[in-house]
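S.K.: Have a look at this one.
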Amino acid sequence: MSTAAIEAEVNAKLEAVKAALAGAITGKNDVCLTCSFQAEDVLLTKLAIALDPSLPVLFLDTGYHFAATYEYRDRIAREWNLNLINLLPEQTVAQQEAQFGILYQSAPDQCCKLRKVEPLFKAVANYRVWITGLRREQAKSRAALEESAPFHLPGGKEVLKLAPLAAWTTRDVWYACQKYEIPLLPLYEQGYSSIGCEPCTTLPLDPNDPRSGRWAGSAGHKVECGIHIEAPAEQTALRG
């Protein structure tokens, strides 16, 4: 595909995303956006704050992120004047490790639950709309991702979860970031393709699977941290 054709395609996708964001954000005060500070999330944040500079941008501060991630987060938050909300687990890393040991080695699902799932769901429950940078191409587990769908939180709260970039490819994301002159997380330059907590992130094992470097020691059994998985039906039954 020619450069002109790529530009036309990405520009059309950008206009669609801007329209979706405008419909969700404009005149509303009950909308949040989660940002991991990976490329798609930063692009989406850039587009969203153009509509509402005060939009709450939620970041899961697990305490286990790469130093480069924290430095980049602080840089973007400062330069873009983000309304950044760092979501913290109930325990510090030291407290958790003192009580449970190294959970990311012995029980990674439990580690994610304590340091990601519970803090995020608690925060998202304060909003009506939750905007994410999820894309279908990211993983097989996201192949059926919808651009807009209700999401049920533990306890019964329902939020509208939006994924305006659902149909985007990695090429689309990188082209758009270049178009907007968005500096990206330096870890990409080292070969990382999907970046989470440092102990659970390696370089991709499969060049065709960008998330193959996530929880690589789990032999493929763990592919998601859990924040994008709805609570079981018995947990979402409406309370009287």
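For the structure tokens, the naming scheme is as follows: chains receive sequential letters (A, B, ...) according to their order of presentation, residues are indexed from 1 within each chain, and ligands are indexed from 1 in presentation order.
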Excluding segment 167-182 of chain A and any residue of its chain fewer than 3 positions from it, enumerate the residues within 9 Å of it, using only C-alpha atoms, and give them as a PyMOL selection string.
M.R.: chain A and resi 6-7+9-11+13-14+39-40+42-43+46+135-138+145-147+163-164
S.K.: Could you find all residues in segment 17-239 of chain A that DSSP calls alpha helix (DSSP H) from the backbone, and write them as a PyMOL selection string?
M.R.: chain A and resi 17-25+39-49+67-80+93-100+103-106+108-112+118-124+170-179
S.K.: Could you work out how far atom CA of Glu79 of chain A lies from atom CA of Pro183 of chain A, giving the answer in Å with one decimal?
M.R.: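 Straight-line distance from atom CA of Pro183 of chain A to atom CA of Glu79 of chain A works out to 11.1 Å.
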S.K.: Using only C-alpha atoms, which of the listed residues (A:Ala5, A:Cys111, A:Ile102, A:Ala144) sits closest to Thr62 of chain A?
M.R.: A:Cys111
S.K.: Of the residues A:Leu44, A:Ala16, A:Leu153, A:Val117, which is the one nearest to Gly133 of chain A, using only C-alpha atoms?
M.R.: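 Smallest separation from Gly133 of chain A among the options: A:Leu44.
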S.K.: Using only C-alpha atoms, determine which residues lie at most 10 Å from Pro119 of chain A, disregarding the query and same-chain residues fewer than 4 positions distant; provide the list as a PyMOL selection string.
M.R.: chain A and resi 60-62+86-90+113-115+123-124+227
S.K.: Mind checking which residues fall within 9 Å of Asp209 of chain A, counting only C-alpha atoms, ignoring those fewer than 5 positions away in the same chain, and posting them as a ChimeraX atom specification?
M.R.: /A:138-140,193,204
S.K.: Would you put the residues from that selection into a file with C-alpha atoms, as a PDB file, in the first residue's frame?
M.R.:
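This is the output file part_22.pdb:
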```
ATOM      1  CA  GLN A 138      -3.227  -7.158  20.289  1.00  0.00           C
ATOM      2  CA  ALA A 139      -4.141 -10.717  21.245  1.00  0.00           C
ATOM      3  CA  LYS A 140      -6.343 -13.679  20.354  1.00  0.00           C
ATOM      4  CA  SER A 193       6.078  -4.802  21.868  1.00  0.00           C
ATOM      5  CA  PRO A 204       8.380 -10.976  22.587  1.00  0.00           C
TER       6      PRO A 204
END
```
S.K.: Could you go through segment 21-68 of chain A and tell me which residues DSSP, when run on the backbone, assigns to strand (DSSP E), listing them as a VMD selection string?
M.R.: chain A and resid 31 to 34 56 to 60
S.K.: Using only N, CA and C atoms, please write the residues we just selected to a file, as an mmCIF file, in the first residue's frame.
M.R.:
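Just written: again.cif:
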```cif
data_model
loop_
_atom_site.group_PDB
_atom_site.id
_atom_site.type_symbol
_atom_site.label_atom_id
_atom_site.label_comp_id
_atom_site.auth_asym_id
_atom_site.auth_seq_id
_atom_site.Cartn_x
_atom_site.Cartn_y
_atom_site.Cartn_z
ATOM 1 N N VAL A 31 -16.873 10.506 32.755
ATOM 2 C CA VAL A 31 -16.114 9.695 31.802
ATOM 3 C C VAL A 31 -14.662 9.631 32.257
ATOM 4 N N CYS A 32 -14.045 8.461 32.118
ATOM 5 C CA CYS A 32 -12.626 8.315 32.423
ATOM 6 C C CYS A 32 -11.936 7.573 31.285
ATOM 7 N N LEU A 33 -10.633 7.696 31.237
ATOM 8 C CA LEU A 33 -9.819 6.994 30.249
ATOM 9 C C LEU A 33 -8.675 6.319 30.978
ATOM 10 N N THR A 34 -8.453 5.031 30.711
ATOM 11 C CA THR A 34 -7.322 4.340 31.325
ATOM 12 C C THR A 34 -6.142 4.378 30.368
ATOM 13 N N PRO A 56 -10.324 12.752 33.382
ATOM 14 C CA PRO A 56 -9.528 11.914 34.279
ATOM 15 C C PRO A 56 -8.813 10.805 33.505
ATOM 16 N N VAL A 57 -7.499 10.748 33.649
ATOM 17 C CA VAL A 57 -6.674 9.721 33.004
ATOM 18 C C VAL A 57 -6.157 8.812 34.108
ATOM 19 N N LEU A 58 -6.610 7.569 34.107
ATOM 20 C CA LEU A 58 -6.288 6.637 35.179
ATOM 21 C C LEU A 58 -5.086 5.766 34.815
ATOM 22 N N PHE A 59 -4.135 5.688 35.713
ATOM 23 C CA PHE A 59 -2.941 4.857 35.515
ATOM 24 C C PHE A 59 -2.805 3.903 36.681
ATOM 25 N N LEU A 60 -2.655 2.616 36.385
ATOM 26 C CA LEU A 60 -2.481 1.616 37.430
ATOM 27 C C LEU A 60 -1.018 1.595 37.883
#
```
S.K.: Neighbours of segment 70-77 of chain A within 9 Å (only C-alpha atoms; same-chain residues fewer than 4 positions away dropped), as a list in words?
M.R.: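 Surrounding residues, per the criterion: Ser36, Phe37, Val42, Phe59, Asp61, His65, Phe66, Asn81, Leu82, Asn83, Leu84, Pro183, Leu184, Leu185 and Pro186 of chain A.
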S.K.: If you measure from atom CA of Phe100 of chain A to atom CA of Cys112 of chain A, what distance in Å do you get, rounded to one decimal?
M.R.: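 Distance between the two atoms: 13.3 Å.
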S.K.: Please provide as a PyMOL selection string all residues within 12 Å of Ala24 of chain A, with the sequence filter that same-chain residues fewer than 3 positions apart are discarded (counting only C-alpha atoms).
M.R.: chain A and resi 17-21+27-33+48+51-52+55+128-131+148+160-164
